[in-house]
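Okay, input.cif now, which holds mmCIF, C-alpha atoms:
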data_target
loop_
_atom_site.label_atom_id
_atom_site.label_comp_id
_atom_site.auth_asym_id
_atom_site.auth_seq_id
_atom_site.Cartn_x
_atom_site.Cartn_y
_atom_site.Cartn_z
CA MET Z 243 -8.78 9.08 32.93
CA HIS Z 244 -6.09 9.25 30.24
CA GLU Z 245 -8.90 8.40 27.80
CA LEU Z 246 -10.08 12.02 28.11
CA SER Z 247 -6.84 13.52 26.80
CA VAL Z 248 -6.63 10.86 24.08
CA THR Z 249 -10.22 11.56 23.04
CA GLU Z 250 -9.49 15.30 22.94
CA SER Z 251 -6.56 14.58 20.61
CA ILE Z 252 -8.75 12.42 18.36
CA LEU Z 253 -11.32 15.21 18.13
CA LYS Z 254 -8.64 17.78 17.32
CA ILE Z 255 -7.27 15.58 14.52
CA ALA Z 256 -10.76 14.90 13.15
CA LEU Z 257 -11.64 18.60 13.09
CA GLN Z 258 -8.34 19.51 11.41
CA HIS Z 259 -8.91 16.81 8.80
CA ALA Z 260 -12.47 18.03 8.19
CA GLU Z 261 -11.32 21.63 7.83
CA LYS Z 262 -8.66 20.69 5.26
CA ALA Z 263 -11.29 18.76 3.31
CA ASN Z 264 -13.81 21.64 3.55
CA ALA Z 265 -16.20 19.16 5.15
CA THR Z 266 -19.42 20.09 6.86
CA ARG Z 267 -19.59 16.97 8.98
CA VAL Z 268 -17.41 14.21 10.41
CA THR Z 269 -19.37 10.99 10.03
CA ASP Z 270 -17.12 8.14 11.18
CA LEU Z 271 -13.82 7.56 12.95
CA HIS Z 272 -12.05 4.22 12.82
CA LEU Z 273 -9.80 3.44 15.78
CA VAL Z 274 -7.40 0.50 16.11
CA MET Z 275 -6.73 -0.72 19.65
CA GLY Z 276 -4.39 -3.50 20.66
CA GLU Z 277 -5.57 -6.12 23.13
CA LEU Z 278 -2.84 -4.97 25.53
CA SER Z 279 -3.66 -1.29 25.08
CA SER Z 280 -4.80 0.39 28.27
CA MET Z 281 -7.53 2.28 26.40
CA VAL Z 282 -11.16 1.45 27.17
CA ASP Z 283 -13.68 1.69 24.32
CA ASP Z 284 -16.58 2.73 26.54
CA SER Z 285 -14.58 5.53 28.16
CA ILE Z 286 -13.51 6.94 24.81
CA GLN Z 287 -17.11 6.78 23.59
CA PHE Z 288 -18.34 8.47 26.79
CA TYR Z 289 -15.83 11.34 26.52
CA TRP Z 290 -16.46 11.68 22.77
CA GLU Z 291 -20.15 12.33 23.32
CA ILE Z 292 -19.31 15.11 25.79
CA ILE Z 293 -16.46 16.91 24.02
CA ALA Z 294 -17.70 16.59 20.42
CA LYS Z 295 -21.20 17.80 21.35
CA ASP Z 296 -21.11 21.27 19.76
CA THR Z 297 -18.82 20.47 16.83
CA ILE Z 298 -19.28 19.13 13.29
CA ALA Z 299 -18.16 15.77 14.70
CA ALA Z 300 -21.02 15.57 17.21
CA LYS Z 301 -22.85 12.70 15.49
CA ALA Z 302 -19.78 10.84 14.27
CA VAL Z 303 -19.78 7.12 14.89
CA LEU Z 304 -16.69 5.66 16.54
CA HIS Z 305 -15.66 2.25 15.24
CA PHE Z 306 -13.24 0.20 17.37
CA ARG Z 307 -11.13 -2.59 15.89
CA ARG Z 308 -9.22 -4.70 18.39
CA VAL Z 309 -5.88 -6.22 17.43
CA PRO Z 310 -5.05 -9.45 19.28
CA ALA Z 311 -1.81 -9.65 21.25
CA GLU Z 312 0.93 -11.63 19.56
CA LEU Z 313 4.02 -12.65 21.52
CA GLN Z 314 7.33 -14.33 20.74
CA CYS Z 315 9.09 -16.47 23.32
CA THR Z 316 12.57 -15.19 24.13
CA SER Z 317 13.75 -18.74 24.87
CA CYS Z 318 12.51 -20.82 21.93
CA SER Z 319 11.27 -18.09 19.49
CA GLU Z 320 7.77 -19.61 19.33
CA LYS Z 321 5.14 -17.05 18.24
CA TYR Z 322 1.85 -17.31 20.10
CA ARG Z 323 -1.26 -15.46 21.22
CA LEU Z 324 -2.33 -14.80 24.78
CA ASN Z 325 -4.38 -17.59 26.33
CA ASN Z 326 -6.63 -16.20 29.09
CA GLY Z 327 -4.05 -13.48 29.77
CA GLU Z 328 -1.33 -16.09 30.30
CA LEU Z 329 2.12 -14.96 29.10
CA VAL Z 330 3.78 -18.39 29.43
CA CYS Z 331 5.00 -19.92 26.16
CA PRO Z 332 2.78 -22.87 25.16
CA LYS Z 333 5.79 -24.68 23.64
CA CYS Z 334 8.52 -24.43 26.31
CA ASN Z 335 6.68 -22.90 29.33
CA SER Z 336 9.11 -19.99 29.50
CA ALA Z 337 7.77 -16.75 30.97
CA GLY Z 338 9.93 -14.41 28.88
CA ALA Z 339 8.26 -12.96 25.80
CA LYS Z 340 8.63 -10.11 23.34
CA ILE Z 341 5.40 -8.35 22.34
CA LEU Z 342 5.00 -8.33 18.55
CA ALA Z 343 1.47 -6.88 18.35
CA GLY Z 344 -1.34 -5.81 20.63
CA GLU Z 345 -0.11 -2.56 22.18
CA GLU Z 346 -1.15 -0.27 19.35
CA PHE Z 347 -3.65 2.57 19.54
CA ALA Z 348 -4.25 4.59 16.39
CA LEU Z 349 -6.78 6.62 14.50
CA GLU Z 350 -6.92 4.61 11.29
CA SER Z 351 -9.29 6.72 9.22
CA ILE Z 352 -11.80 9.57 9.32
CA ASP Z 353 -14.86 9.86 7.09
CA VAL Z 354 -16.30 13.29 6.35
CA GLU Z 355 -19.03 14.83 4.20
#
Exercise: express the given structure as structure tokens:
Amino acid sequence: MHELSVTESILKIALQHAEKANATRVTDLHLVMGELSSMVDDSIQFYWEIIAKDTIAAKAVLHFRRVPAELQCTSCSEKYRLNNGELVCPKCNSAGAKILAGEEFALESIDVE
């Protein structure tokens, strides 16, 4: 349910941006979500349709771009991507890894008219 509060924050940012730009409509929002992010696209879309309903962002299209998880083995320094959710290093079979990418969640851009 944390998607609701996140979606409310996205709407607030979009409306502030639109106001500063003297826009009459928010048309598109571009969101970046890491593979390891706990956010769910469908939930954000669902909440968006409810909370943006009576605003200038009501018909805005949400675009989701997923960033793949990238890890680095703490034993051998090999960089690798998740394989079926498996965290084990493909080079040395170590289970220790540092996450380099894939946890992000950001509003990348907002388009207004």
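Each of Z:Val309, Z:Ala302, Z:Ala265, Z:Leu246 was checked against Tyr289 in chain Z using all atoms listed in the file; the smallest atom-to-atom distance is that of Z:Leu246.
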Once the PyMOL selection byres ((chain Z and resi 256) around 8) has been evaluated on this model, what residues remain selected, and can you format them as a CSV table (one decimal) with C-alpha atoms, in the frame of the given file?
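Generated file (selection_21.csv):
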chain,number,residue,atom,x,y,z
Z,252,ILE,CA,-8.8,12.4,18.4
Z,253,LEU,CA,-11.3,15.2,18.1
Z,254,LYS,CA,-8.6,17.8,17.3
Z,255,ILE,CA,-7.3,15.6,14.5
Z,257,LEU,CA,-11.6,18.6,13.1
Z,258,GLN,CA,-8.3,19.5,11.4
Z,259,HIS,CA,-8.9,16.8,8.8
Z,260,ALA,CA,-12.5,18.0,8.2
Z,268,VAL,CA,-17.4,14.2,10.4
Z,271,LEU,CA,-13.8,7.6,13.0
Z,299,ALA,CA,-18.2,15.8,14.7
Z,352,ILE,CA,-11.8,9.6,9.3
Checklist outcome for this item: Nearest to Leu278 in chain Z, restricted to all atoms listed in the file and choosing among Z:Ala311, Z:Leu324, Z:Ala348, Z:Leu329, comes out as Z:Ala311
Item to check | From Z:Ser317, Z:Lys262, Z:Phe347, Z:Ile298, residue lying nearest Thr249 in chain Z [only C-alpha atoms] | outcome: Z:Phe347
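Of note, CA of Ile293 in chain Z and CA of Glu250 in chain Z are spaced 7.2 Å apart.
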Next on the checklist: Residues proximal to (-8.9, 0.5, 17.0) were defined as those with any atom within 7 Å of that point in the file's coordinates, counting all atoms listed in the file. Which are they, as a PyMOL selection string?
Outcome noted: chain Z and resi 272-275+306-308+347-349
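Using only C-alpha atoms, the contacts of Lys333 in chain Z at a cut-off of 9 Å, with sequence neighbours closer than 3 positions omitted, comprise Cys315, Cys318, Glu320, Val330 and Ser336 of chain Z.
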Expected file: the selected residues, C-alpha atoms, as a PDB file, in the coordinates of the input:
ATOM      1  CA  CYS Z 315       9.090 -16.470  23.320  1.00  0.00           C
ATOM      2  CA  CYS Z 318      12.510 -20.820  21.930  1.00  0.00           C
ATOM      3  CA  GLU Z 320       7.770 -19.610  19.330  1.00  0.00           C
ATOM      4  CA  VAL Z 330       3.780 -18.390  29.430  1.00  0.00           C
ATOM      5  CA  SER Z 336       9.110 -19.990  29.500  1.00  0.00           C
TER       6      SER Z 336
END
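Of the residues listed (Z:Glu345, Z:Glu291, Z:Asp283, Z:Asp296), Z:Glu345 shows the shortest atom-to-atom separation from Glu312 in chain Z; distances use all atoms listed in the file.
Between CA of Arg323 in chain Z and CA of Met281 in chain Z the interatomic distance comes to 19.5 Å.
The closest residue to His244 in chain Z, picked from Z:Glu261, Z:Gly338, Z:Pro332, Z:Ser279 and counting all atoms listed in the file, is Z:Ser279.
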Item to check | Hits from the PyMOL selection byres ((chain Z and resi 304) around 6), listed as a PyMOL selection string | outcome: chain Z and resi 270-271+303+305
Checklist outcome for this item: Using only C-alpha atoms, the shortest atom-to-atom distance to Ala263 in chain Z among Z:Cys334, Z:Ala294, Z:Ala300, Z:Val354 belongs to Z:Val354
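Separating CA of Ile341 in chain Z from CA of Ser251 in chain Z is a distance of 25.9 Å.
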